[in-house]
$ cat model-v6.csv   # CSV, C-alpha atoms and all ligand atoms
chain,number,residue,atom,x,y,z
X,1,MET,CA,17.3,17.2,12.9
X,2,TYR,CA,16.0,14.3,14.9
X,3,PHE,CA,12.9,12.3,14.7
X,4,LYS,CA,11.9,9.1,16.4
X,5,MET,CA,11.5,6.0,14.4
X,6,GLY,CA,9.6,3.1,16.0
X,7,VAL,CA,12.4,2.0,18.2
X,8,GLY,CA,14.9,4.5,19.5
X,9,LEU,CA,15.9,7.9,18.3
X,10,ILE,CA,17.9,8.1,15.1
X,11,VAL,CA,19.9,11.1,13.7
X,12,LEU,CA,18.7,12.0,10.4
X,13,SER,CA,20.3,15.2,9.3
X,14,ASN,CA,20.7,14.3,5.7
X,15,LEU,CA,17.8,11.9,5.5
X,16,LEU,CA,15.4,14.7,5.0
X,17,ALA,CA,17.4,16.2,2.2
X,18,GLY,CA,14.8,15.3,-0.3
X,19,VAL,CA,11.8,16.0,1.8
X,20,ALA,CA,10.4,19.5,1.7
X,21,ILE,CA,9.0,20.8,4.9
X,22,ALA,CA,6.8,22.9,2.8
X,23,GLN,CA,5.8,26.4,3.5
X,24,THR,CA,3.7,27.0,0.5
X,25,SER,CA,-0.1,26.7,0.3
X,26,PRO,CA,-1.7,24.4,-2.3
X,27,THR,CA,-2.5,26.1,-5.5
X,28,LYS,CA,-6.2,26.8,-5.4
X,29,THR,CA,-6.6,26.3,-9.1
X,30,ASP,CA,-5.6,22.7,-9.0
X,31,THR,CA,-9.0,21.1,-8.6
X,32,ARG,CA,-7.6,17.6,-8.3
X,33,GLN,CA,-5.9,18.5,-5.0
X,34,ASP,CA,-8.2,18.3,-2.1
X,35,PRO,CA,-6.3,19.2,1.1
X,36,ARG,CA,-8.5,17.0,3.2
X,37,PHE,CA,-7.4,13.9,1.4
X,38,GLY,CA,-4.3,14.9,-0.4
X,39,THR,CA,-1.1,16.2,1.0
X,40,ASP,CA,-1.7,19.6,2.6
X,41,PRO,CA,1.7,21.2,2.6
X,42,ALA,CA,0.6,23.4,5.5
X,43,ARG,CA,0.2,20.4,7.7
X,44,ASN,CA,3.5,18.7,7.3
X,45,ASN,CA,3.7,15.8,9.8
X,46,LEU,CA,6.0,12.9,10.4
X,47,PRO,CA,4.7,10.8,13.3
X,48,ASP,CA,7.0,9.6,16.1
X,49,SER,CA,6.4,6.0,15.2
X,50,ALA,CA,4.8,4.1,12.4
X,51,ILE,CA,3.2,1.7,14.9
X,52,ASN,CA,-0.3,2.5,16.2
X,53,ALA,CA,0.3,6.1,15.0
X,54,SER,CA,-2.6,8.3,15.9
X,55,ARG,CA,-2.1,10.4,12.8
X,56,PRO,CA,-0.6,9.3,9.4
X,57,PRO,CA,2.3,11.2,8.0
X,58,ASN,CA,1.9,14.2,5.7
X,59,ILE,CA,5.0,14.1,3.6
X,60,VAL,CA,5.6,16.6,0.9
X,61,LEU,CA,8.3,15.6,-1.6
X,62,LYS,CA,10.2,18.1,-3.7
X,63,ALA,CA,9.6,17.8,-7.4
X,64,ASN,CA,13.3,18.4,-8.0
X,65,ALA,CA,14.6,15.8,-5.5
X,66,ARG,CA,17.0,13.3,-7.0
X,67,GLY,CA,16.7,9.5,-7.2
X,68,SER,CA,19.7,9.4,-4.8
X,69,ASP,CA,17.9,11.3,-2.1
X,70,PRO,CA,16.6,8.9,0.6
X,71,LEU,CA,13.1,8.9,1.9
X,72,PRO,CA,11.9,9.1,5.5
X,73,TYR,CA,11.6,5.6,7.0
X,74,PHE,CA,10.8,4.0,10.3
X,75,ARG,CA,12.3,1.1,12.2
X,76,ILE,CA,9.4,-1.1,13.2
X,77,GLY,CA,11.3,-4.2,14.5
X,78,PRO,CA,14.7,-5.8,14.6
X,79,ASP,CA,16.2,-5.2,11.2
X,80,THR,CA,12.8,-4.3,9.9
X,81,TYR,CA,12.1,-0.9,8.3
X,82,MET,CA,8.9,0.7,7.0
X,83,PHE,CA,8.2,3.4,4.5
X,84,PHE,CA,5.0,4.9,5.9
X,85,GLY,CA,3.3,6.7,3.1
X,86,ASN,CA,0.7,9.4,3.0
X,87,VAL,CA,-2.8,8.3,3.4
X,88,ALA,CA,-4.1,10.0,0.3
X,89,GLU,CA,-4.6,9.8,-3.4
X,90,VAL,CA,-1.6,10.4,-5.6
X,91,ASP,CA,-1.0,14.1,-6.0
X,92,ARG,CA,1.9,16.5,-6.9
X,93,TYR,CA,2.8,17.0,-3.3
X,94,ASN,CA,3.2,13.4,-2.2
X,95,ARG,CA,4.4,12.4,-5.7
X,96,GLY,CA,2.9,8.9,-5.4
X,97,PHE,CA,4.3,8.2,-1.9
X,98,ASN,CA,0.8,7.3,-0.9
X,99,GLY,CA,1.2,3.7,0.2
X,100,ASN,CA,3.6,1.7,2.4
X,101,ALA,CA,6.6,-0.5,1.6
X,102,GLY,CA,9.4,-1.9,3.7
X,103,PHE,CA,12.6,-3.9,3.9
X,104,ILE,CA,14.2,-6.4,6.1
X,105,VAL,CA,18.0,-6.6,6.5
X,106,THR,CA,19.5,-10.1,7.0
X,107,ARG,CA,23.1,-11.1,7.2
X,108,GLU,CA,22.9,-12.4,3.7
X,109,GLY,CA,21.0,-9.6,2.0
X,110,VAL,CA,17.9,-7.5,2.0
X,111,VAL,CA,14.3,-8.5,1.3
X,112,VAL,CA,12.1,-5.6,0.1
X,113,ILE,CA,8.3,-5.6,0.3
X,114,ASP,CA,6.6,-3.5,-2.4
X,115,ALA,CA,8.2,-0.7,-4.4
X,116,LEU,CA,6.1,2.4,-3.9
X,117,GLY,CA,4.4,4.4,-6.7
X,118,SER,CA,7.0,5.6,-9.3
X,119,PRO,CA,10.4,4.7,-10.7
X,120,LYS,CA,11.8,7.6,-8.9
X,121,LEU,CA,10.4,6.5,-5.6
X,122,GLY,CA,11.9,3.0,-6.3
X,123,ARG,CA,15.3,4.7,-6.7
X,124,ARG,CA,14.8,6.6,-3.6
X,125,MET,CA,13.9,3.5,-1.7
X,126,ILE,CA,17.2,1.9,-2.9
X,127,SER,CA,19.1,5.0,-1.8
X,128,THR,CA,17.5,4.7,1.6
X,129,ILE,CA,18.3,1.0,2.0
X,130,ARG,CA,21.9,1.8,1.0
X,131,MET,CA,22.1,4.2,3.9
X,132,VAL,CA,21.1,1.5,6.3
X,133,THR,CA,23.1,-1.4,5.0
X,134,ASN,CA,25.7,-2.5,2.5
X,135,GLN,CA,24.0,-5.9,2.1
X,136,PRO,CA,22.8,-6.7,-1.4
X,137,ILE,CA,19.1,-6.4,-2.2
X,138,ARG,CA,18.2,-10.0,-3.0
X,139,TYR,CA,14.4,-10.1,-3.2
X,140,LEU,CA,11.6,-7.7,-4.1
X,141,ILE,CA,8.2,-9.1,-3.2
X,142,LEU,CA,5.3,-7.3,-4.9
X,143,THR,CA,2.2,-7.9,-2.9
X,144,HIS,CA,0.0,-6.8,-5.8
X,145,ASN,CA,0.1,-4.9,-9.1
X,146,HIS,CA,-1.6,-1.6,-8.1
X,147,PRO,CA,0.4,1.5,-9.0
X,148,ASP,CA,1.1,2.7,-5.4
X,149,HIS,CA,2.7,-0.6,-4.6
X,150,ALA,CA,4.4,-1.7,-7.8
X,151,TYR,CA,5.4,1.2,-10.1
X,152,GLY,CA,8.8,1.6,-8.4
X,153,ALA,CA,9.7,-2.0,-9.3
X,154,ILE,CA,11.6,-1.0,-12.4
X,155,ALA,CA,14.3,0.6,-10.3
X,156,PHE,CA,14.9,-2.7,-8.5
X,157,ARG,CA,14.7,-4.7,-11.7
X,158,GLN,CA,17.9,-3.0,-12.7
X,159,LEU,CA,19.9,-4.3,-9.7
X,160,ASP,CA,22.1,-7.3,-10.2
X,161,GLY,CA,21.2,-10.5,-8.5
X,162,ILE,CA,17.7,-9.5,-7.5
X,163,THR,CA,14.7,-11.9,-7.7
X,164,VAL,CA,11.3,-10.3,-8.1
X,165,ILE,CA,8.4,-12.3,-6.6
X,166,GLY,CA,4.7,-11.6,-7.5
X,167,HIS,CA,1.3,-13.3,-7.9
X,168,LYS,CA,0.6,-15.0,-11.1
X,169,GLY,CA,-2.5,-12.8,-11.5
X,170,MET,CA,-0.1,-9.9,-12.1
X,171,LEU,CA,0.7,-11.2,-15.6
X,172,ARG,CA,-2.9,-10.6,-16.6
X,173,TYR,CA,-2.8,-7.1,-15.3
X,174,LEU,CA,0.5,-6.3,-17.1
X,175,GLU,CA,-1.0,-7.4,-20.4
X,176,SER,CA,-4.3,-5.5,-19.9
X,177,GLU,CA,-5.1,-2.0,-21.0
X,178,ARG,CA,-5.7,-1.1,-17.4
X,179,LEU,CA,-2.0,-0.8,-16.9
X,180,GLU,CA,-1.8,1.8,-19.6
X,181,ARG,CA,-4.6,3.8,-18.1
X,182,SER,CA,-3.2,3.8,-14.6
X,183,VAL,CA,0.2,4.8,-15.9
X,184,ASP,CA,-1.3,7.7,-17.8
X,185,TYR,CA,-3.2,8.7,-14.7
X,186,ARG,CA,0.0,8.8,-12.6
X,187,ARG,CA,1.9,10.6,-15.4
X,188,SER,CA,-0.8,13.3,-15.3
X,189,PHE,CA,0.4,14.3,-11.8
X,190,ILE,CA,4.1,13.4,-11.8
X,191,PRO,CA,5.4,12.9,-15.3
X,192,ASP,CA,9.1,13.3,-14.4
X,193,ASP,CA,8.9,10.8,-11.6
X,194,MET,CA,7.3,8.3,-13.9
X,195,ALA,CA,10.1,8.6,-16.5
X,196,GLY,CA,11.6,5.2,-17.3
X,197,PHE,CA,8.5,3.3,-16.2
X,198,LYS,CA,8.3,-0.2,-17.5
X,199,PRO,CA,6.1,-3.0,-16.3
X,200,VAL,CA,8.1,-5.6,-14.3
X,201,HIS,CA,7.4,-9.2,-14.8
X,202,PRO,CA,8.2,-11.2,-11.7
X,203,ASP,CA,10.9,-13.9,-11.8
X,204,VAL,CA,8.9,-16.1,-9.4
X,205,LEU,CA,5.2,-16.4,-9.6
X,206,VAL,CA,3.2,-17.4,-6.6
X,207,ASP,CA,0.1,-19.4,-7.6
X,208,GLY,CA,-1.7,-22.5,-6.5
X,209,ARG,CA,-4.6,-22.9,-4.2
X,210,LEU,CA,-5.8,-20.3,-1.8
X,211,TYR,CA,-3.5,-19.9,1.2
X,212,SER,CA,-0.7,-21.9,-0.3
X,213,LYS,CA,2.6,-20.5,0.5
X,214,HIS,CA,6.0,-19.9,-1.1
X,215,THR,CA,8.8,-19.8,1.5
X,216,ILE,CA,12.2,-18.0,1.1
X,217,ARG,CA,15.0,-18.2,3.6
X,218,LEU,CA,17.8,-15.7,3.7
X,219,GLY,CA,20.4,-14.9,6.4
X,220,GLY,CA,18.6,-16.9,9.1
X,221,ARG,CA,15.2,-15.4,8.4
X,222,THR,CA,12.2,-17.1,7.0
X,223,PHE,CA,9.6,-15.4,4.8
X,224,ASP,CA,6.3,-17.1,4.1
X,225,ILE,CA,4.6,-15.6,1.1
X,226,TYR,CA,0.9,-16.5,1.0
X,227,ASN,CA,-1.4,-16.6,-2.0
X,228,VAL,CA,-4.5,-14.8,-0.7
X,229,SER,CA,-6.2,-14.9,-4.2
X,230,ASP,CA,-7.5,-11.8,-6.0
X,231,HIS,CA,-9.6,-10.2,-3.2
X,232,HIS,CA,-8.2,-6.7,-4.0
X,233,SER,CA,-6.4,-6.8,-7.3
X,234,PHE,CA,-5.5,-9.3,-10.0
X,235,GLY,CA,-3.6,-11.4,-7.5
X,236,ASP,CA,-2.7,-10.6,-3.9
X,237,LEU,CA,0.0,-11.8,-1.5
X,238,ILE,CA,0.7,-11.3,2.1
X,239,VAL,CA,4.1,-11.9,3.7
X,240,LEU,CA,5.0,-13.3,7.2
X,241,GLN,CA,8.4,-12.7,8.7
X,242,GLN,CA,8.4,-15.9,10.7
X,243,GLU,CA,11.0,-15.1,13.3
X,244,ASP,CA,9.8,-11.6,13.9
X,245,GLY,CA,6.0,-12.2,13.9
X,246,ILE,CA,5.5,-9.4,11.5
X,247,VAL,CA,2.8,-9.8,8.8
X,248,TRP,CA,2.7,-7.5,5.8
X,249,ILE,CA,-1.0,-7.7,4.9
X,250,SER,CA,-0.9,-5.3,2.0
X,251,ASP,CA,-4.4,-4.1,1.1
X,252,LEU,CA,-6.3,-6.8,2.9
X,253,ALA,CA,-7.1,-4.2,5.5
X,254,PHE,CA,-6.7,-0.4,5.5
X,255,ASN,CA,-5.8,1.6,8.5
X,256,GLN,CA,-6.8,5.3,8.8
X,257,ARG,CA,-8.6,5.3,5.5
X,258,VAL,CA,-11.5,3.8,3.5
X,259,THR,CA,-10.7,0.9,1.2
X,260,TYR,CA,-10.8,1.0,-2.5
X,261,MET,CA,-12.6,-1.7,-4.4
X,262,GLY,CA,-12.1,-1.7,-8.2
X,263,ASP,CA,-10.6,-5.0,-9.1
X,264,GLY,CA,-11.1,-7.4,-6.3
X,265,ASN,CA,-13.9,-9.4,-4.8
X,266,SER,CA,-15.6,-8.2,-1.6
X,267,LYS,CA,-16.9,-11.7,-0.6
X,268,ARG,CA,-13.5,-13.2,-0.9
X,269,ALA,CA,-12.0,-10.3,1.0
X,270,VAL,CA,-14.2,-10.9,3.9
X,271,GLU,CA,-13.3,-14.6,4.0
X,272,VAL,CA,-9.6,-13.8,3.8
X,273,GLN,CA,-9.8,-11.3,6.5
X,274,ASP,CA,-11.3,-13.9,8.8
X,275,TRP,CA,-8.5,-16.3,7.9
X,276,LEU,CA,-5.9,-13.6,8.5
X,277,LEU,CA,-7.1,-12.9,12.0
X,278,LYS,CA,-7.3,-16.6,12.9
X,279,LYS,CA,-4.1,-17.6,11.3
X,280,PHE,CA,-2.0,-14.8,12.7
X,281,ALA,CA,-3.7,-14.1,16.0
X,282,GLY,CA,-0.3,-14.5,17.7
X,283,ALA,CA,1.5,-12.1,15.4
X,284,ARG,CA,3.3,-9.1,16.9
X,285,LEU,CA,2.6,-6.6,14.2
X,286,MET,CA,0.6,-6.2,11.0
X,287,VAL,CA,1.7,-3.7,8.4
X,288,PRO,CA,-1.1,-2.7,6.0
X,289,GLY,CA,-0.6,-1.2,2.5
X,290,HIS,CA,-2.0,2.1,3.8
X,291,GLY,CA,-1.9,3.6,7.2
X,292,SER,CA,0.0,2.8,10.3
X,293,ALA,CA,1.3,-0.6,11.4
X,294,GLN,CA,-0.7,-2.1,14.2
X,295,ARG,CA,-0.3,-4.3,17.2
X,296,PRO,CA,-2.8,-7.0,18.3
X,297,PRO,CA,-5.7,-7.4,18.2
X,298,PHE,CA,-5.4,-5.6,14.8
X,299,PRO,CA,-8.6,-3.6,14.9
X,300,MET,CA,-8.1,-2.3,11.4
X,301,VAL,CA,-8.9,-5.7,10.0
X,302,ARG,CA,-12.4,-5.8,11.5
X,303,LYS,CA,-13.0,-2.2,10.7
X,304,THR,CA,-12.2,-2.7,7.1
X,305,GLN,CA,-14.3,-5.9,7.1
X,306,ASP,CA,-17.3,-4.2,8.8
X,307,TYR,CA,-17.3,-1.5,6.1
X,308,MET,CA,-17.2,-4.2,3.3
X,309,LYS,CA,-19.9,-6.3,5.0
X,310,ARG,CA,-22.0,-3.2,5.4
X,311,LEU,CA,-21.7,-2.4,1.7
X,312,ARG,CA,-22.8,-5.9,0.9
X,313,SER,CA,-25.8,-6.0,3.3
X,314,PHE,CA,-27.0,-2.5,2.2
X,315,THR,CA,-26.8,-3.8,-1.4
X,316,THR,CA,-28.6,-7.0,-0.7
X,317,LYS,CA,-31.5,-5.0,0.9
X,318,ALA,CA,-31.5,-2.5,-2.0
X,319,MET,CA,-31.8,-5.2,-4.5
X,320,GLN,CA,-34.6,-6.8,-2.6
X,321,ASP,CA,-36.3,-3.5,-2.6
X,322,GLY,CA,-35.8,-3.3,-6.4
X,323,LEU,CA,-33.5,-0.2,-6.3
X,324,SER,CA,-31.4,0.5,-9.4
X,325,LEU,CA,-27.6,0.8,-9.3
X,326,GLN,CA,-27.9,4.6,-9.3
X,327,GLU,CA,-30.5,4.7,-6.5
X,328,THR,CA,-28.4,2.3,-4.4
X,329,VAL,CA,-25.3,4.3,-4.8
X,330,ASP,CA,-27.1,7.6,-4.1
X,331,GLN,CA,-28.7,6.2,-0.9
X,332,MET,CA,-25.7,4.4,0.5
X,333,ASP,CA,-24.3,6.9,2.9
X,334,PHE,CA,-22.4,5.8,6.0
X,335,PRO,CA,-22.3,9.0,8.1
X,336,GLU,CA,-19.8,7.8,10.7
X,337,TRP,CA,-17.3,7.0,7.9
X,338,ARG,CA,-17.5,10.5,6.4
X,339,LYS,CA,-14.6,11.8,8.3
X,340,VAL,CA,-12.3,8.9,7.4
X,341,ARG,CA,-9.8,9.7,4.7
X,342,LEU,CA,-10.8,8.9,1.1
X,343,TYR,CA,-14.4,8.3,2.0
X,344,GLU,CA,-15.5,11.1,-0.3
X,345,LEU,CA,-13.4,9.8,-3.2
X,346,ASN,CA,-13.8,6.0,-2.8
X,347,HIS,CA,-17.2,5.4,-1.2
X,348,ARG,CA,-19.4,5.8,-4.2
X,349,PRO,CA,-17.1,3.8,-6.5
X,350,ASN,CA,-17.1,1.1,-3.8
X,351,ALA,CA,-20.9,1.1,-3.7
X,352,ASN,CA,-21.0,0.9,-7.4
X,353,PHE,CA,-18.5,-1.9,-7.5
X,354,VAL,CA,-20.3,-4.0,-4.9
X,355,TYR,CA,-23.7,-3.6,-6.6
X,356,LEU,CA,-22.3,-4.8,-9.9
X,357,GLU,CA,-20.5,-7.6,-8.2
X,358,MET,CA,-23.5,-8.8,-6.4
X,359,GLU,CA,-25.7,-8.4,-9.4
X,360,GLN,CA,-23.3,-10.7,-11.3
X,361,ASP,CA,-23.5,-13.3,-8.5
X,362,LEU,CA,-27.3,-13.5,-9.0
X,363,PHE,CA,-26.8,-14.9,-12.5
B,401,ZN,ZN,-2.9,0.1,-2.1

$ encode --input "model-v6.csv" --output "structure tokens"
Amino acid sequence: MYFKMGVGLIVLSNLLAGVAIAQTSPTKTDTRQDPRFGTDPARNNLPDSAINASRPPNIVLKANARGSDPLPYFRIGPDTYMFFGNVAEVDRYNRGFNGNAGFIVTREGVVVIDALGSPKLGRRMISTIRMVTNQPIRYLILTHNHPDHAYGAIAFRQLDGITVIGHKGMLRYLESERLERSVDYRRSFIPDDMAGFKPVHPDVLVDGRLYSKHTIRLGGRTFDIYNVSDHHSFGDLIVLQQEDGIVWISDLAFNQRVTYMGDGNSKRAVEVQDWLLKKFAGARLMVPGHGSAQRPPFPMVRKTQDYMKRLRSFTTKAMQDGLSLQETVDQMDFPEWRKVRLYELNHRPNANFVYLEMEQDLF
């Protein structure tokens, strides 16, 4: 079997070993599965490229796949590879492969960015990397603590000689009861894949003032890891591959889906998005935490920002008009966003979050 990956055409006969090209229909009784937003097995799709892809992938993973089975991956630059996850909520078809991650191979080792959403996915990432290179995995950079980005980290923690890098804010999350709740939620869909889960404490914590950076150099490559505060989680990082002009922006902007606001700060997010576009205007590629990578001028950033600004301006007006939280959430409908993935699931919680956030700011 062949499929195209970013650059060139790569033979992948055994790569798809653990990926079901599913022929079954979703079970109708599973009310948590919504085929519009989840993974519809009837619409299995792997795009030709993970860059400016018109449609996101629709990958169905087999429940009985092994940790040694590689995942589909895309080459998005010289020595740079991306796991292009489903644009969906976690479900029993995508098995938590609902975000992006990636790795860069240098002549002295591999740098991994994010760990996907379960210990099993972490193991499958490692198996995939092992297919591409024999270089040791030297770094895992966790852009933030959310499950879809960090719950595979335990698989990497077990490797010899690896350094895990994360934001200092992660520590607060790892000690909070939110961690337990989110682990239980994931286990409710994919208990076996979550087996062996343990929170991973980074070896190196990135902290300091906003936009300060921590630089690592490996095999002739330079990686600038920027502290972009807690705009989306308990602490967010972005990563620049200096020589390649590739920026891993994590959940600072979403492509092909509506953002999720549950931990962060919408005002801060808007500021950081402005900074991102200015600072990296000359970048060649941005890779978001969800959806396809994008070439300049990176329209996903403004699109995400417009949505967030609109939530804020609607809320400001609603508060001036004396609307309650409930009334505001009920009235805040953005019709042109309705067809965008995860609108139905995330929009009301986002509206709720921004109202409470802005109410807090009044005091
Ligand atoms: Zn995410």

$ residues_around --input "model-v6.csv" --residues "segment 310-326 of chain X" --least-positions-apart "6" --cutoff "9 Å" --atoms "all atoms listed in the file" --output "PDB file with C-alpha atoms, keeping the file's coordinate frame"
ATOM      1  CA  SER X 266     -15.600  -8.200  -1.600  1.00  0.00           C
ATOM      2  CA  LYS X 267     -16.900 -11.700  -0.600  1.00  0.00           C
ATOM      3  CA  MET X 332     -25.700   4.400   0.500  1.00  0.00           C
ATOM      4  CA  ASN X 350     -17.100   1.100  -3.800  1.00  0.00           C
ATOM      5  CA  ALA X 351     -20.900   1.100  -3.700  1.00  0.00           C
ATOM      6  CA  ASN X 352     -21.000   0.900  -7.400  1.00  0.00           C
ATOM      7  CA  VAL X 354     -20.300  -4.000  -4.900  1.00  0.00           C
ATOM      8  CA  TYR X 355     -23.700  -3.600  -6.600  1.00  0.00           C
ATOM      9  CA  LEU X 356     -22.300  -4.800  -9.900  1.00  0.00           C
ATOM     10  CA  MET X 358     -23.500  -8.800  -6.400  1.00  0.00           C
ATOM     11  CA  GLU X 359     -25.700  -8.400  -9.400  1.00  0.00           C
TER      12      GLU X 359
END

$ residues_near_ligand --input "model-v6.csv" --ligand "ligand ZN 401 (chain B)" --cutoff "8 Å" --atoms "all atoms listed in the file" --output "PyMOL selection string"
chain X and resi 99+146-149+250-251+260+289-290

$ residues_around --input "model-v6.csv" --residues "Phe197 of chain X" --least-positions-apart "4" --cutoff "9 Å" --atoms "all atoms listed in the file" --output "JSON, numbers by chain"
{"X": [118, 119, 151, 152, 153, 154, 155, 183, 193]}

$ residues_around --input "model-v6.csv" --residues "His231 of chain X" --least-positions-apart "4" --cutoff "7 Å" --atoms "all atoms listed in the file" --output "list in words"
Asp236, Gly264, Asn265, Ser266, Arg268 and Ala269 of chain X

$ closest_residue --input "model-v6.csv" --among "X:Leu240, X:Asp184, X:Phe223, X:Asn52" --to "Pro297 of chain X" --atoms "all atoms listed in the file"
X:Asn52

$ closest_residue --input "model-v6.csv" --among "X:Lys198, X:Pro296, X:Gly282, X:Asn255" --to "Glu180 of chain X" --atoms "all atoms listed in the file"
X:Lys198

$ closest_residue --input "model-v6.csv" --among "X:Asp207, X:Arg217, X:Gln273, X:Pro288" --to "Lys309 of chain X" --atoms "all atoms listed in the file"
X:Gln273
